[in-house]
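Printed here is model-v6.cif (mmCIF, C-alpha atoms):
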```cif
data_query
#
loop_
_atom_site.group_PDB
_atom_site.id
_atom_site.type_symbol
_atom_site.label_atom_id
_atom_site.label_comp_id
_atom_site.auth_asym_id
_atom_site.auth_seq_id
_atom_site.Cartn_x
_atom_site.Cartn_y
_atom_site.Cartn_z
ATOM 1 C CA MET A 1 -8.997 5.744 5.484
ATOM 2 C CA ALA A 2 -8.825 3.564 8.581
ATOM 3 C CA ARG A 3 -6.741 0.411 8.494
ATOM 4 C CA ALA A 4 -6.316 -2.743 10.540
ATOM 5 C CA TRP A 5 -3.207 -3.463 12.587
ATOM 6 C CA VAL A 6 -2.972 -7.195 13.284
ATOM 7 C CA PHE A 7 -1.157 -8.544 16.346
ATOM 8 C CA ALA A 8 -0.495 -12.042 17.697
ATOM 9 C CA ASP A 9 -1.757 -13.765 20.849
ATOM 10 C CA ASP A 10 -0.766 -12.589 24.328
ATOM 11 C CA LEU A 11 -0.009 -8.990 23.430
ATOM 12 C CA ASP A 12 0.791 -7.496 26.818
ATOM 13 C CA THR A 13 0.540 -3.930 28.043
ATOM 14 C CA ASP A 14 4.328 -3.616 28.175
ATOM 15 C CA GLN A 15 4.363 -4.170 24.414
ATOM 16 C CA ILE A 16 1.712 -1.488 23.979
ATOM 17 C CA VAL A 17 3.637 1.110 26.012
ATOM 18 C CA PRO A 18 6.834 -0.075 27.717
ATOM 19 C CA GLY A 19 7.130 0.974 31.358
ATOM 20 C CA ARG A 20 10.151 3.136 30.634
ATOM 21 C CA TYR A 21 7.814 5.423 28.647
ATOM 22 C CA ALA A 22 5.086 5.719 31.277
ATOM 23 C CA PRO A 23 3.507 9.187 31.549
ATOM 24 C CA PHE A 24 5.361 9.849 34.795
ATOM 25 C CA MET A 25 8.661 9.101 32.998
ATOM 26 C CA VAL A 26 8.236 11.050 29.734
ATOM 27 C CA GLY A 27 5.226 13.291 30.389
ATOM 28 C CA GLN A 28 1.510 13.262 29.635
ATOM 29 C CA ASP A 29 2.087 14.912 26.276
ATOM 30 C CA LYS A 30 4.537 12.295 24.932
ATOM 31 C CA PHE A 31 3.866 8.801 26.304
ATOM 32 C CA HIS A 32 1.508 7.851 23.449
ATOM 33 C CA LEU A 33 4.317 8.452 20.951
ATOM 34 C CA TYR A 34 5.982 5.276 22.263
ATOM 35 C CA ALA A 35 3.035 2.953 21.565
ATOM 36 C CA PHE A 36 4.380 -0.347 20.227
ATOM 37 C CA CYS A 37 7.858 1.222 19.901
ATOM 38 C CA ASP A 38 9.577 -2.144 20.429
ATOM 39 C CA ALA A 39 6.909 -4.531 19.129
ATOM 40 C CA ARG A 40 6.000 -2.535 16.029
ATOM 41 C CA PRO A 41 8.360 0.383 15.378
ATOM 42 C CA GLY A 42 6.716 3.249 13.528
ATOM 43 C CA PHE A 43 3.214 2.445 14.788
ATOM 44 C CA ALA A 44 2.685 5.726 16.655
ATOM 45 C CA ARG A 45 3.878 7.704 13.642
ATOM 46 C CA GLU A 46 1.786 5.756 11.099
ATOM 47 C CA ALA A 47 -1.433 5.096 13.024
ATOM 48 C CA GLN A 48 -4.355 7.257 11.988
ATOM 49 C CA PRO A 49 -7.528 8.179 13.874
ATOM 50 C CA GLY A 50 -10.100 5.440 13.375
ATOM 51 C CA ASP A 51 -7.581 2.638 12.842
ATOM 52 C CA VAL A 52 -8.531 -0.691 14.392
ATOM 53 C CA LEU A 53 -6.300 -3.086 16.304
ATOM 54 C CA VAL A 54 -6.874 -6.796 15.720
ATOM 55 C CA GLY A 55 -5.455 -9.379 18.086
ATOM 56 C CA GLY A 56 -5.542 -12.993 19.071
ATOM 57 C CA GLU A 57 -6.121 -14.517 22.473
ATOM 58 C CA ASN A 58 -5.523 -12.612 25.714
ATOM 59 C CA PHE A 59 -5.088 -9.158 24.174
ATOM 60 C CA GLY A 60 -3.798 -6.647 26.735
ATOM 61 C CA CYS A 61 -2.526 -9.173 29.267
ATOM 62 C CA GLY A 62 0.143 -8.394 31.840
ATOM 63 C CA SER A 63 0.237 -5.313 34.011
ATOM 64 C CA SER A 64 -2.985 -3.374 34.516
ATOM 65 C CA ARG A 65 -1.459 -0.176 33.124
ATOM 66 C CA GLU A 66 -4.306 2.139 32.242
ATOM 67 C CA TYR A 67 -1.851 4.339 30.363
ATOM 68 C CA ALA A 68 -1.478 1.602 27.721
ATOM 69 C CA VAL A 69 -5.137 2.129 26.833
ATOM 70 C CA ALA A 70 -4.815 5.908 27.285
ATOM 71 C CA ALA A 71 -2.025 5.946 24.680
ATOM 72 C CA LEU A 72 -4.282 4.178 22.175
ATOM 73 C CA LYS A 73 -7.035 6.677 22.939
ATOM 74 C CA LYS A 74 -4.657 9.631 22.408
ATOM 75 C CA LEU A 75 -3.658 8.147 19.041
ATOM 76 C CA GLY A 76 -7.320 7.958 18.031
ATOM 77 C CA ILE A 77 -7.570 4.177 17.754
ATOM 78 C CA GLY A 78 -11.163 3.508 16.740
ATOM 79 C CA GLY A 79 -11.573 0.098 18.325
ATOM 80 C CA ILE A 80 -10.028 -3.257 19.110
ATOM 81 C CA VAL A 81 -11.185 -6.670 17.899
ATOM 82 C CA ALA A 82 -9.612 -9.777 19.425
ATOM 83 C CA LYS A 83 -10.313 -13.438 20.083
ATOM 84 C CA SER A 84 -10.242 -12.633 23.808
ATOM 85 C CA PHE A 85 -9.100 -9.865 26.148
ATOM 86 C CA ALA A 86 -7.402 -9.686 29.506
ATOM 87 C CA ARG A 87 -10.188 -8.642 31.886
ATOM 88 C CA ILE A 88 -8.596 -5.466 33.271
ATOM 89 C CA PHE A 89 -7.486 -4.276 29.832
ATOM 90 C CA TYR A 90 -11.028 -4.835 28.534
ATOM 91 C CA ARG A 91 -12.493 -2.787 31.397
ATOM 92 C CA ASN A 92 -9.921 -0.028 30.886
ATOM 93 C CA CYS A 93 -10.966 0.204 27.231
ATOM 94 C CA ILE A 94 -14.623 0.493 28.212
ATOM 95 C CA ASN A 95 -13.784 3.078 30.880
ATOM 96 C CA LEU A 96 -11.785 5.219 28.434
ATOM 97 C CA GLY A 97 -14.260 4.875 25.558
ATOM 98 C CA ILE A 98 -12.463 2.534 23.167
ATOM 99 C CA PRO A 99 -14.911 0.040 21.635
ATOM 100 C CA VAL A 100 -13.864 -3.606 22.053
ATOM 101 C CA LEU A 101 -15.275 -6.715 20.412
ATOM 102 C CA ASP A 102 -14.318 -10.305 21.071
ATOM 103 C CA SER A 103 -14.874 -12.208 17.837
ATOM 104 C CA ALA A 104 -12.662 -15.065 16.672
ATOM 105 C CA GLU A 105 -14.475 -14.996 13.333
ATOM 106 C CA ALA A 106 -13.715 -11.315 12.679
ATOM 107 C CA VAL A 107 -10.077 -11.853 13.680
ATOM 108 C CA SER A 108 -9.754 -14.771 11.247
ATOM 109 C CA LEU A 109 -10.910 -12.533 8.388
ATOM 110 C CA ALA A 110 -8.670 -9.539 9.137
ATOM 111 C CA ARG A 111 -5.354 -8.943 7.410
ATOM 112 C CA ASP A 112 -2.751 -6.363 8.316
ATOM 113 C CA GLY A 113 -3.459 -3.160 6.426
ATOM 114 C CA ASP A 114 -7.102 -3.994 5.578
#
```

What would you get if you wrote out this structure as C-alpha cells?
Amino acid sequence: MARAWVFADDLDTDQIVPGRYAPFMVGQDKFHLYAFCDARPGFAREAQPGDVLVGGENFGCGSSREYAVAALKKLGIGGIVAKSFARIFYRNCINLGIPVLDSAEAVSLARDGD
C-alpha cells in the first residue's frame, strides 16, 4: 500500500540526490539508491512504487538537476504534493511523467506514513 513521505519547506535537489551520487559519478543503475541518503536515510530502501512525497513551500529548489527527478521516477514515486514548487523542478516532473499538485490544503492534512 502506498504511503506519504512528508518533508519540510525548501527541500532542495541536493537533498533529493546529493551531487556526489550523480549518475555520472555512480552510474545510471545506482544513482536512485542514494535518494534522500543524507536527509532521510533509508528512504530509497523503504520507498515503494506509488508512494507520494508531500512537501511545503519551494519543493525541489536549488540546482536544476534533472537526475533528482529521474531518481524519484526510478523508485516509482507516484506523485508529489506540495504547497509550492521550484519552477524547474516542477517542469522536470512533468517532463518525466511524475504527477505534481500544489495544494496547501492537501499538505496540511497529510501525515508521514499516511

(message) Need to verify the contact set: segment 15-24 of chain A, 7 Å, only C-alpha atoms, exclusion of same-chain residues closer than 5 positions in sequence. Can you return it as a PyMOL selection string?
(response) chain A and resi 31+34-36+38-39+68

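For the set A:Ile98, A:Leu33, A:Leu11, A:Ala110, the residue with the smallest atom-to-atom gap to Ala71 of chain A is A:Leu33, counting only C-alpha atoms.
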
(request) Step by step: start from the point (-8.1, 2.1, 14.1) in the file's coordinates, keep every protein, DNA or RNA residue that has an atom no farther than 8 Å from it, count only C-alpha atoms, and write the set as JSON, numbers by chain. (result) {"A": [2, 3, 4, 5, 47, 48, 49, 50, 51, 52, 53, 76, 77, 78, 79, 80]}

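Using all atoms listed in the file, the smallest distance between any of A:Tyr90, A:Gly113, A:Ala70, A:Asn58 and Asp9 of chain A comes from A:Asn58.
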
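Comparing the minimum interatomic distances between Glu105 of chain A and each of A:Glu46, A:Ser64, A:Arg91, A:Gly55, counting only C-alpha atoms, we find that A:Gly55 sits nearest.
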
(request) Check which residues satisfy the PyMOL selection byres ((chain A and resi 69) around 8) in the file shown, then give them as a PyMOL selection string. (result) chain A and resi 65-68+70-73+89+92-93+96

(message) What's the separation between atom CA of Pro41 of chain A and atom CA of Asp29 of chain A, in Å to one decimal place?
(response) 19.2 Å

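Applied to the file shown here, the PyMOL selection byres ((chain A and resi 102) around 10) selects the residues Val54, Gly55, Gly56, Glu57, Phe59, Ile80, Val81, Ala82, Lys83, Ser84, Phe85, Tyr90, Val100, Leu101, Ser103, Ala104, Glu105, Ala106 and Val107 of chain A.
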
(request) Rounded to one decimal place, report the atom CA of Met1 of chain A-atom CA of His32 of chain A distance in Å. (result) 20.9 Å

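Going from atom CA of Arg111 of chain A to atom CA of Ala8 of chain A covers 11.8 Å.
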
(request) Identify which of the residues A:Leu75, A:Thr13, A:Cys61, A:Ala86 lies closest to Ala44 of chain A, counting only C-alpha atoms when measuring atom-to-atom distances. (result) A:Leu75

(request) Determine the nearest neighbour of Val6 of chain A from the options A:Ser108, A:Ile94, A:Lys30, A:Ser63, counting all atoms listed in the file. (result) A:Ser108
